[in-house]
Number of protein chains: 2
Amino acid sequence: MPDSPPLTLQPPSAELSAKIANTIRFLAADGVQKANSGHPGLPMGSSEIATVLMTRFLRIDPKDDKWLNRDRFVLSAGHASMLLYSMLYFQGFLTLDDLKNFRQLGSRTPGHPEYGDTPGVEATTGPLGAGFAMAAGMALGERMLAEMYNTPKFDVVDHYVYVLMGDGCHMEGVTNEAASLAGHLKLGRLIAIYDDNEISIEGDTGLAFTENVNQRYEALGWHVQDIDGHDCEAIARAIGNAQAETSRPSLIVAHTTIGKGAPHKQGTHGVHGEPLGADEIAAAKAAMGWPSEDFHVPQEVRDYFDVRRGEWMAIRNEWNDLFAAYEKKHRSTARDLLRVVSGELPKQWKKACPEFAAGKAIATRVSGGEIMNRFGEAIPELVGGSADLAPSTKTEIKTGQYPDYVAPGAFLGRNIHYGVREHAMGWMTDGLALHGGFIPYCATFMVFHDYMRPTVRLAALMRRRAIFVYTHDSIYVGEDGPTHQPIEQLASLRLTPRVQVWRPCDANEAIYAWQSAIERKDGPTCLAMTRQNLMTLDRGKYAPARDALKGMYVLDSEGGKSAEILVIATGSEVHLALAVADALREQGRGVRVVSAPCLEVFKRQADGYRKKVFPKRLKKRLVMEAGVVQGWEGILGESGIFIGMEDFGHSGPASMVAERCGFTVPAILGKISLAGW
Amino acid sequence: MPDSPPLTLQPPSAELSAKIANTIRFLAADGVQKANSGHPGLPMGSSEIATVLMTRFLRIDPKDDKWLNRDRFVLSAGHASMLLYSMLYFQGFLTLDDLKNFRQLGSRTPGHPEYGDTPGVEATTGPLGAGFAMAAGMALGERMLAEMYNTPKFDVVDHYVYVLMGDGCHMEGVTNEAASLAGHLKLGRLIAIYDDNEISIEGDTGLAFTENVNQRYEALGWHVQDIDGHDCEAIARAIGNAQAETSRPSLIVAHTTIGKGAPHKQGTHGVHGEPLGADEIAAAKAAMGWPSEDFHVPQEVRDYFDVRRGEWMAIRNEWNDLFAAYEKKHRSTARDLLRVVSGELPKQWKKACPEFAAGKAIATRVSGGEIMNRFGEAIPELVGGSADLAPSTKTEIKTGQYPDYVAPGAFLGRNIHYGVREHAMGWMTDGLALHGGFIPYCATFMVFHDYMRPTVRLAALMRRRAIFVYTHDSIYVGEDGPTHQPIEQLASLRLTPRVQVWRPCDANEAIYAWQSAIERKDGPTCLAMTRQNLMTLDRGKYAPARDALKGMYVLDSEGGKSAEILVIATGSEVHLALAVADALREQGRGVRVVSAPCLEVFKRQADGYRKKVFPKRLKKRLVMEAGVVQGWEGILGESGIFIGMEDFGHSGPASMVAERCGFTVPAILGKISLAGW
């Protein structure tokens, strides 16, 4: 324990605040200059905001960037990374050398904040709007966790989520989605500070952005304040007011000058995204009476933060005491909370979902919903929602333990009504995963993955466990037609590194798909589920469903070593594959059928296993998937046949659409005969 | 000419209006019931809106659904397609039999409106928000075309764009992007009618959507009215007011009852997306005193629209007279207008851009910008903009002919400031392409294609000519790091049917990429351009750049028939391929280098040509592309080597990132030697 520092924080004097702000300002300018690349404008304009947040509000543990009740600070304007890195330097997570290595290969200070690469970075940001929407997810997570685990006397979860955003964030539509939902849900602990510097890359924001942002946020149910973003007292008052407003999220519109302090360039778009230049930096420092030395940190500022880090430690220790008392009083609740935050699963959870009996036709969206509910009963941290499609995606968790749905101001619940907001839903899912305490899922029709693609990418980049349920996974959607029939989405999901994509062929493969998604700790999983019914296979006749965990497996090896044709399929096409195999066998051909629910998992299997599934001698390979060919060409080799989609689908009853697209036994036999197999 | 019907339209009596509305109502209910699939709720709730639009406002030519000055009506809530089909039946574009074939394979009445499948459908809709944003693009196109071609006495372009939207459209963030830009630009002829029925799929919209939509649109600079959506006079007054308000787009919030008329189900989410059932339809018809017969159209309603179609013809003829006079007075302007609307290019346009001299290093984003400007001078219909990145994407057209940029209320210009709104930019680009009179392009960093993916998909589905310029196309982005470095985007662009993706290797290939994009009439083209400089190749030494038009071509055949290794590359990696080839030749190996700027165009070449580029005997194939392998595996075959990306990139100077990722001659030679080639 440090020598008990004061727990009630005294703000630094006006003079010291200004000095801290200028330190941040010039660390940013120097960092960008040294890297000869980066964005000095926003950090220089937001230095007072960062100063006030750090000196008067932010509650963190400088020794533990994963403390569960830390305040989250998300830099939605990720290009202003030097601002965040300066803050993390003062918090004790980075060194001056780190700041000097800004934007260098392998440094802890990459061009945009990267979760995992830098301690204290709460989210990877850069794509605009993303940080704001992830912060909304974190703020939702904070309240959900609080209502699940706090007890009347013990508010062990009660932190704030701060987010700093720029004009660009506000222009992105996803921000409106997330803000609309945050306002609806009354996320009072979400405090967004808008660095309103009126400059974008093409020039004044007035060229393209003249809406009344304040009025818009009021319409969205937010508490809105307007302040001078360079006035520390005004910033502090505004944040205080925002904290006092507990039933609405807050937007603080901080009017700032971009590149503040750069005498010739401030207030222009010339200062947004390139180094100031040595002359301008020198002039800026001279004008402020600042030493010309690069990366200068005044001794008083160092001293101040030495004390501040002690205060932060004391805050943490105070919470530790609270938690110890809580643990004493609510032993099992406390244990549960620590477990869900750790990311470890409860014991025996896999037993919650026994296999389905064979012979019943059931869509994987439906069996998937049942599986999710069974696992969900064992795993209280499994929470999520749909983009206004729950009755279709079948993704409601109904355990009876809580009210089913989270509601405005009432956060006890497992389900979230995201509304028709796929993109925000994806980011908030990422935000829940980043917050900790949850295994979040979200659901929509597979074709609408296109509306939320960046969110899966970032979950992968950040190696977060998040589950994306995509139902209505092919042309078998039928009547809704080509806008609703995914063709390229399955292949496109498989393109992103670290993503695992499952397309189970029946209810029992769906169990292992869900199991893998829940168990996986190092990245997102996408589950492709059918709209239409699929027969639950008889695992007495075929290989056990458990083999799905290897990614691909020989499902039907009838014919044994005499096999000359290898049929490979995923999801609904596995049933067609089995039918084609039977028809071929009637013709006296030896056929083996491989079910391929997850290509990425299969790639990780040992070489020997992979060769067993795909023996080199079996060149007659027939791949069936109701999607585009990309991703399969390696398996097809030079002589394989692909049964898939070369163009968009059609509106009509599913079976007729399938027939039109060639997904019938006779059509496929015709192709085989045409190939001269 | 018809017998001169009255040109000043008399609205139908209240009684007749109600009858028309009920006809639409029950056509929708019957259509969905017969298809046993579809959405009756919104059409039944919006029947009065459709009635008023058709009987009092919409100006069309019932014989020519491509008349350039027709009013556009876009059904953004595309699931309510039966409403639109009923309207098109009365307009004369569809028959009752078409309505009876709703959602059947090959019918003209697919599940969602499909541009091209149904005369009179202005845009493919279904993905929510898309129709609204495309309508904003059309409204922008109307004004741009008007200011380019109208003359003081001749307003040959002066139509309205009406769009009908639902709650879901408002929840989608892209709608806010488009509305913000439409408000900013003062698109006074955009009139959006919001069917506010307070029901979404999961239940009352209040479950997830409690914002004040009216206030939000006021904040965005819109004129907003609130009306009873079942009161024809109120609807007519509101549309009249919206037309009178010329400097702001209008939102008419029409409060309606979903499924209006269905006695037990109206006003509930049970009526949103499934047939009413025979009993409910019978009860509804009985309650309204409507004949029970399916697809009943009262004789008076038929008679009314017989007259109305005559009025519509008269409107068209009146415009024809105006245009004839305009043509007489402004012969060449009129000819130009007809040409740009026809989609035909001006003569000799290809000569506008001669090839670049060899030996200069220039990024393809920069050469692309020059090429675009040269072609742009010859092709006035080439217009576009960037999502606040024009200084980086280099996509400003500066011909000096007009003011450079379109501005609020002043639409003469070639460039559009889209702001940081990639998704709306994509839809508005599609909207400009749908409107006609333009070859629209838009630009952003390639990684942000992920924010606008649905817009490229729909351009392809609709077979519209639209050009998507994606710069900063690989890890060579450098310092900005993995969030800004595309890895899977190039492969993902290639997945969507009908899209052509070009990745030129130098300034001269960039000419032919642009040429192909401009010339192509049946779909969108994406141009992948580098951030970094690339040497302009010496075409004396290598094959002519014109060969790029074949998609792939042998660039460097030094070694001739003795070649044993085939190196294939795109874009910046072509230069690395040439260096590797040189190094291999120094080792005495025979090497041939193929440049592959467009895989899709190559696939359309004759078999003979394709075999010449990829001779069967050349199995040692080395493919280089700074992206994922998917899409290349067919070319690689079983023994090929791929030099690409298996994981995300890194932040750091581009050359160091490239080295880390293995894009160097020694690293590649190492791999070749490891493979035992």
# chains A, B, ... in the order shown; residues from 1 in each chain; ligands from 1
>>> residues_around(residues="stretch 328-343 of chain A", least_positions_apart="3", cutoff="8 Å", atoms="only C-alpha atoms", output="PyMOL selection string")
chain A and resi 68+149+324-325+346+381+436-438+521
>>> write_last_selection(atoms="N, CA and C atoms", output="mmCIF file, in the first residue's frame")
data_model
loop_
_atom_site.group_PDB
_atom_site.id
_atom_site.type_symbol
_atom_site.label_atom_id
_atom_site.label_comp_id
_atom_site.auth_asym_id
_atom_site.auth_seq_id
_atom_site.Cartn_x
_atom_site.Cartn_y
_atom_site.Cartn_z
ATOM 1 N N LEU A 68 -11.601 -4.736 -13.118
ATOM 2 C CA LEU A 68 -12.954 -4.825 -13.690
ATOM 3 C C LEU A 68 -13.773 -3.564 -13.529
ATOM 4 N N TYR A 149 -24.865 -8.304 -10.530
ATOM 5 C CA TYR A 149 -23.951 -8.680 -9.434
ATOM 6 C C TYR A 149 -23.892 -7.710 -8.259
ATOM 7 N N ALA A 324 -13.726 -7.120 -0.888
ATOM 8 C CA ALA A 324 -13.468 -8.136 0.138
ATOM 9 C C ALA A 324 -14.694 -8.292 1.036
ATOM 10 N N ALA A 325 -15.300 -7.184 1.392
ATOM 11 C CA ALA A 325 -16.509 -7.236 2.234
ATOM 12 C C ALA A 325 -17.660 -7.899 1.474
ATOM 13 N N PRO A 346 -18.184 -21.913 -16.763
ATOM 14 C CA PRO A 346 -18.549 -22.734 -15.596
ATOM 15 C C PRO A 346 -18.217 -24.195 -15.873
ATOM 16 N N GLU A 381 -23.443 -15.661 -18.514
ATOM 17 C CA GLU A 381 -22.794 -14.540 -19.216
ATOM 18 C C GLU A 381 -23.091 -14.535 -20.706
ATOM 19 N N GLY A 436 -15.949 -7.170 -20.787
ATOM 20 C CA GLY A 436 -15.695 -8.315 -19.921
ATOM 21 C C GLY A 436 -16.926 -8.642 -19.109
ATOM 22 N N GLY A 437 -17.036 -9.914 -18.755
ATOM 23 C CA GLY A 437 -18.187 -10.364 -17.988
ATOM 24 C C GLY A 437 -19.261 -10.999 -18.852
ATOM 25 N N PHE A 438 -19.037 -10.998 -20.160
ATOM 26 C CA PHE A 438 -20.053 -11.515 -21.084
ATOM 27 C C PHE A 438 -19.443 -12.350 -22.194
ATOM 28 N N LYS A 521 -11.594 -18.613 -27.139
ATOM 29 C CA LYS A 521 -11.323 -17.386 -26.401
ATOM 30 C C LYS A 521 -10.602 -16.342 -27.228
#
>>> select_by_dssp(residues="stretch 98-344 of chain A", states="helix (DSSP H, G or I)", output="PyMOL selection string")
chain A and resi 98-100+130-149+167-171+173-185+205-207+213-219+232-244+269-271+278-287+299-329+331-342
>>> interface_residues(of="chain B", to="chain A", cutoff="6 Å", atoms="only C-alpha atoms", output="compact mmCIF listing (two decimals) with N, CA and C atoms, in the first residue's frame")
# COMPACT_ATOMS: atom_id res chain seq x y z
N ARG B 103 -44.42 -13.19 -55.95
CA ARG B 103 -43.40 -14.03 -55.29
C ARG B 103 -43.19 -15.39 -55.97
N GLN B 104 -43.66 -15.53 -57.22
CA GLN B 104 -43.43 -16.80 -57.91
C GLN B 104 -42.17 -16.68 -58.78
N LEU B 105 -41.52 -17.80 -58.96
CA LEU B 105 -40.28 -17.83 -59.74
C LEU B 105 -40.52 -17.31 -61.15
N PRO B 110 -41.58 -10.03 -57.97
CA PRO B 110 -40.79 -10.77 -56.98
C PRO B 110 -41.04 -10.26 -55.55
N GLY B 111 -40.51 -11.01 -54.58
CA GLY B 111 -40.75 -10.71 -53.17
C GLY B 111 -40.40 -9.30 -52.76
N GLY B 168 -38.18 0.79 -39.74
CA GLY B 168 -36.88 0.14 -39.90
C GLY B 168 -35.91 1.02 -40.67
N MET B 171 -34.35 3.46 -38.38
CA MET B 171 -33.40 2.95 -37.39
C MET B 171 -32.02 2.73 -38.01
N GLU B 172 -31.98 2.43 -39.29
CA GLU B 172 -30.70 2.20 -39.98
C GLU B 172 -29.88 3.49 -40.01
N GLY B 173 -28.64 3.39 -39.62
CA GLY B 173 -27.78 4.57 -39.57
C GLY B 173 -27.59 5.24 -40.92
N VAL B 174 -27.60 4.44 -41.98
CA VAL B 174 -27.34 5.03 -43.29
C VAL B 174 -28.39 6.07 -43.63
N ASN B 176 -29.68 8.15 -41.58
CA ASN B 176 -29.26 9.42 -40.98
C ASN B 176 -28.16 10.08 -41.80
N GLU B 177 -27.25 9.27 -42.30
CA GLU B 177 -26.19 9.83 -43.17
C GLU B 177 -26.80 10.54 -44.37
N HIS B 184 -28.35 19.13 -45.66
CA HIS B 184 -27.24 20.04 -45.92
C HIS B 184 -27.34 20.62 -47.33
N ILE B 201 -40.76 -5.98 -36.18
CA ILE B 201 -40.91 -7.44 -36.14
C ILE B 201 -40.94 -7.98 -34.72
N GLU B 202 -40.13 -7.41 -33.85
CA GLU B 202 -40.08 -7.93 -32.48
C GLU B 202 -41.25 -7.42 -31.61
N ALA B 208 -37.49 -0.59 -28.86
CA ALA B 208 -36.09 -0.26 -29.20
C ALA B 208 -35.94 1.12 -29.81
N THR B 210 -37.35 4.90 -29.37
CA THR B 210 -38.20 5.89 -28.71
C THR B 210 -37.71 7.31 -28.97
N GLU B 211 -36.78 7.45 -29.89
CA GLU B 211 -36.28 8.79 -30.19
C GLU B 211 -37.39 9.65 -30.80
N ASN B 212 -37.15 10.95 -30.83
CA ASN B 212 -38.07 11.89 -31.45
C ASN B 212 -37.64 12.10 -32.90
N GLN B 215 -37.99 15.67 -34.41
CA GLN B 215 -36.96 16.62 -33.95
C GLN B 215 -35.62 16.32 -34.60
N ARG B 216 -35.32 15.02 -34.77
CA ARG B 216 -34.05 14.67 -35.41
C ARG B 216 -34.01 15.22 -36.84
N ALA B 219 -33.42 18.80 -36.89
CA ALA B 219 -32.00 19.06 -36.64
C ALA B 219 -31.16 18.85 -37.90
N LEU B 220 -31.64 17.96 -38.75
CA LEU B 220 -30.90 17.67 -39.99
C LEU B 220 -31.26 18.64 -41.11
N ASP B 388 -14.96 12.47 -47.59
CA ASP B 388 -14.02 13.34 -46.88
C ASP B 388 -12.57 12.88 -47.01
N HIS B 417 -19.12 16.83 -51.98
CA HIS B 417 -18.54 16.55 -50.66
C HIS B 417 -19.50 15.63 -49.93
N GLY B 419 -18.85 14.05 -47.15
CA GLY B 419 -18.59 13.94 -45.72
C GLY B 419 -18.17 12.52 -45.36
N VAL B 420 -17.95 12.28 -44.08
CA VAL B 420 -17.50 10.95 -43.64
C VAL B 420 -18.72 10.02 -43.58
N ARG B 421 -19.25 9.71 -44.75
CA ARG B 421 -20.50 8.95 -44.84
C ARG B 421 -20.36 7.96 -46.00
N ASP B 450 -15.74 -1.91 -46.54
CA ASP B 450 -16.54 -2.67 -45.58
C ASP B 450 -17.72 -1.87 -45.03
N ARG B 453 -20.38 -1.96 -48.30
CA ARG B 453 -20.46 -3.16 -49.11
C ARG B 453 -21.83 -3.40 -49.75
N PRO B 454 -22.93 -3.16 -49.01
CA PRO B 454 -24.24 -3.43 -49.62
C PRO B 454 -24.49 -2.58 -50.88
N GLU B 479 1.99 3.23 -41.82
CA GLU B 479 1.84 3.62 -40.41
C GLU B 479 0.42 3.55 -39.86
N ASP B 480 -0.57 3.77 -40.68
CA ASP B 480 -1.94 3.78 -40.15
C ASP B 480 -2.36 2.43 -39.58
N GLY B 481 -1.64 1.40 -39.95
CA GLY B 481 -1.81 0.11 -39.27
C GLY B 481 -2.98 -0.73 -39.75
N GLU B 488 -8.35 -8.52 -46.75
CA GLU B 488 -9.35 -9.38 -47.38
C GLU B 488 -10.29 -8.61 -48.30
N SER B 492 -12.72 -9.90 -51.28
CA SER B 492 -14.15 -9.79 -50.98
C SER B 492 -14.88 -9.04 -52.09
N LEU B 495 -15.87 -11.36 -54.89
CA LEU B 495 -16.85 -12.41 -54.63
C LEU B 495 -18.21 -12.11 -55.22
N THR B 496 -18.56 -10.83 -55.30
CA THR B 496 -19.93 -10.48 -55.67
C THR B 496 -20.11 -10.62 -57.18
N PRO B 497 -21.13 -11.37 -57.60
CA PRO B 497 -21.35 -11.54 -59.04
C PRO B 497 -21.50 -10.19 -59.74
N GLN B 630 -7.70 -16.47 -51.10
CA GLN B 630 -8.97 -16.89 -51.72
C GLN B 630 -9.18 -16.19 -53.07
N GLY B 631 -9.55 -16.96 -54.04
CA GLY B 631 -9.74 -16.43 -55.39
C GLY B 631 -8.58 -16.79 -56.30
N GLU B 633 -6.68 -19.76 -55.70
CA GLU B 633 -6.31 -21.16 -55.55
C GLU B 633 -6.48 -21.96 -56.83
N GLY B 634 -7.46 -21.55 -57.65
CA GLY B 634 -7.63 -22.23 -58.93
C GLY B 634 -6.42 -22.06 -59.83
N ASP B 647 -2.59 -13.00 -42.21
CA ASP B 647 -3.09 -12.36 -40.99
C ASP B 647 -3.14 -10.86 -41.26
N SER B 651 1.33 -1.69 -37.98
CA SER B 651 1.63 -0.26 -38.10
C SER B 651 3.14 -0.07 -38.18
N GLY B 652 3.58 0.68 -39.16
CA GLY B 652 5.00 0.96 -39.31
C GLY B 652 5.24 1.51 -40.70
>>> select_by_dssp(residues="stretch 512-550 of chain A", states="strand (DSSP E or B)", output="list in words")
Thr525, Cys526, Leu527, Ala528, Asn533, Leu534 and Met535 of chain A
